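J.: I am attaching a structure below and will ask some questions about it afterwards.
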Amino acid sequence: MYSQIRVYYPYISPFDPCPPIRVKTYQVNPQLFIGFQPENLPQFSPMEALRLGTLWPALYSPYSGRGDQEGLEG
Amino acid sequence: MNSANQPGDKRYYELLEQLQAIDFVLVELNLYLDTHPTDSNALEQFNQQAEQRWAIAQEFESLYGPLLNFGHSYSGYPWQWNNVPWPWQV
């Protein structure tokens, strides 16, 4: 299962007024790659679906914070 | 409402959690069926889940009183709608 987080490295100028953010992340969720959802995809059980936020594992997309701000995680 | 079950006991939360899970599945299937009207398996599952949801709601309401008001649920005697626990106490 490939990771759903990708990173990019913004340009950091010597004249930047604030401390640089060297690495920024963005989410690449499954629905970007699925397009029109096919029929009869495998499903979670109701209890699992309620906790994971989707009925179909193929569309499951966990999010645990941007990772660049401590204390704002999750 | 028999005396064995009091609102807030184990069975109360069990039924509510099952109801919540089935409602979520119904929401997902409903949205899915909006864009896939010809998917017979999903439609069959939706109807089964709706039936199962009705059964669970019936059991809950027979034990603990109405889930919904304004005529969407029955009430026992005396009127149970404004009994404790209130939603934020659940």
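Letters for chains follow the order of the structure tokens (A, B, ...), residue numbers begin at 1 for each chain, and ligand numbers begin at 1 in the order shown.
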Go through chain A residue by residue and, counting only C-alpha atoms, keep those with an atom at most 9 Å from range 31-47 of chain B; for each kept residue give the shortest atom pair and its distance in Å to one decimal, ordered by chain and increasing number, as a tab-separated table.

T.:
residue	atom	partner	partner_atom	distance
A:Gln37	CA	B:Tyr32	CA	8.6
A:Glu39	CA	B:Asp39	CA	6.8
A:Asn40	CA	B:Asn41	CA	7.4

J.: Please dump the current selection as a PDB file, in the first residue's frame; keep N, CA, C and O atoms.

T.:
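Here's the written file again38.pdb:
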ATOM      1  N   GLN A  37     -16.025   4.876  -9.394  1.00  0.00           N
ATOM      2  CA  GLN A  37     -15.850   3.738  -8.490  1.00  0.00           C
ATOM      3  C   GLN A  37     -16.441   2.473  -9.105  1.00  0.00           C
ATOM      4  O   GLN A  37     -17.612   2.431  -9.464  1.00  0.00           O
ATOM      5  N   GLU A  39     -17.929  -1.462  -9.373  1.00  0.00           N
ATOM      6  CA  GLU A  39     -18.916  -2.146  -8.513  1.00  0.00           C
ATOM      7  C   GLU A  39     -18.223  -3.234  -7.701  1.00  0.00           C
ATOM      8  O   GLU A  39     -17.122  -3.672  -8.027  1.00  0.00           O
ATOM      9  N   ASN A  40     -18.933  -3.648  -6.620  1.00  0.00           N
ATOM     10  CA  ASN A  40     -18.512  -4.819  -5.841  1.00  0.00           C
ATOM     11  C   ASN A  40     -17.089  -4.721  -5.343  1.00  0.00           C
ATOM     12  O   ASN A  40     -16.341  -5.708  -5.378  1.00  0.00           O
TER      13      ASN A  40
END

J.: Sorted by chain and rising residue number, list the residues of chain A at most 7 Å from chain B (counting only C-alpha atoms), each with its closest atom pair and distance in Å to one decimal, as a Markdown table.

T.:
| residue | atom | partner | partner_atom | distance |
| --- | --- | --- | --- | --- |
| A:Glu39 | CA | B:Asp39 | CA | 6.8 |
| A:Pro46 | CA | B:Ala21 | CA | 5.1 |
| A:Met47 | CA | B:Ala21 | CA | 5.4 |
| A:Leu50 | CA | B:Ala21 | CA | 5.3 |
| A:Leu55 | CA | B:Val25 | CA | 6.6 |

J.: List the neighbours of range 74-85 of chain B out to 10 Å using only C-alpha atoms; skip same-chain residues closer than 6 positions along the sequence, and give me the result as number ranges by chain.

T.: B: 1, 7-8, 58, 61-68

J.: Report the residues of chain A whose backbone DSSP state falls under strand (DSSP E), written as a PyMOL selection string.

T.: chain A and resi 5-8+24-27

J.: Write a file of the selected residues as a PDB file, in the first residue's frame, keeping N, CA, C and O atoms.

T.:
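As written to disk, part20.pdb reads:
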ATOM      1  N   ILE A   5       1.149  10.195   1.387  1.00  0.00           N
ATOM      2  CA  ILE A   5       1.723  11.520   1.655  1.00  0.00           C
ATOM      3  C   ILE A   5       2.893  11.735   0.705  1.00  0.00           C
ATOM      4  O   ILE A   5       3.741  10.865   0.547  1.00  0.00           O
ATOM      5  N   ARG A   6       2.877  12.890   0.028  1.00  0.00           N
ATOM      6  CA  ARG A   6       4.031  13.244  -0.801  1.00  0.00           C
ATOM      7  C   ARG A   6       4.628  14.533  -0.277  1.00  0.00           C
ATOM      8  O   ARG A   6       3.953  15.309   0.411  1.00  0.00           O
ATOM      9  N   VAL A   7       5.891  14.751  -0.598  1.00  0.00           N
ATOM     10  CA  VAL A   7       6.556  15.934  -0.051  1.00  0.00           C
ATOM     11  C   VAL A   7       7.075  16.792  -1.193  1.00  0.00           C
ATOM     12  O   VAL A   7       7.276  16.307  -2.306  1.00  0.00           O
ATOM     13  N   TYR A   8       7.241  18.056  -0.904  1.00  0.00           N
ATOM     14  CA  TYR A   8       7.975  18.914  -1.840  1.00  0.00           C
ATOM     15  C   TYR A   8       8.808  19.884  -1.013  1.00  0.00           C
ATOM     16  O   TYR A   8       8.552  20.093   0.178  1.00  0.00           O
ATOM     17  N   LYS A  24       7.519  20.409   2.845  1.00  0.00           N
ATOM     18  CA  LYS A  24       6.062  20.525   2.989  1.00  0.00           C
ATOM     19  C   LYS A  24       5.435  19.262   2.429  1.00  0.00           C
ATOM     20  O   LYS A  24       5.955  18.659   1.487  1.00  0.00           O
ATOM     21  N   THR A  25       4.289  18.843   3.042  1.00  0.00           N
ATOM     22  CA  THR A  25       3.670  17.582   2.610  1.00  0.00           C
ATOM     23  C   THR A  25       2.287  17.863   2.028  1.00  0.00           C
ATOM     24  O   THR A  25       1.674  18.886   2.336  1.00  0.00           O
ATOM     25  N   TYR A  26       1.812  16.927   1.179  1.00  0.00           N
ATOM     26  CA  TYR A  26       0.426  17.001   0.707  1.00  0.00           C
ATOM     27  C   TYR A  26      -0.099  15.594   0.548  1.00  0.00           C
ATOM     28  O   TYR A  26       0.663  14.643   0.360  1.00  0.00           O
ATOM     29  N   GLN A  27      -1.435  15.484   0.700  1.00  0.00           N
ATOM     30  CA  GLN A  27      -2.078  14.184   0.672  1.00  0.00           C
ATOM     31  C   GLN A  27      -2.421  13.778  -0.757  1.00  0.00           C
ATOM     32  O   GLN A  27      -2.883  14.617  -1.538  1.00  0.00           O
TER      33      GLN A  27
END

J.: Given only C-alpha atoms as the basis, pick out the residue of A:Ala58, A:Val23, A:Cys18, A:Ile12 nearest to Pro38 in chain A.

T.: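 With only C-alpha atoms as the atom set, the closest residue is A:Ala58.
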
J.: Just checking: using only C-alpha atoms, which residue out of A:Pro10, A:Pro57, A:Gly65, A:Pro42 ends up closest to Arg22 in chain A?

T.: A:Pro10

J.: From a DSSP pass on the backbone, collect the residues of chain B flagged as helix (DSSP H, G or I) and hand them back as a PyMOL selection string.

T.: chain B and resi 10-35+40-64+87-89

J.: State, in Å with one decimal place, the distance from CA of Gly71 in chain B to CA of Tyr12 in chain B.

T.: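 Computing the Euclidean distance for CA of Gly71 in chain B and CA of Tyr12 in chain B yields 21.7 Å.
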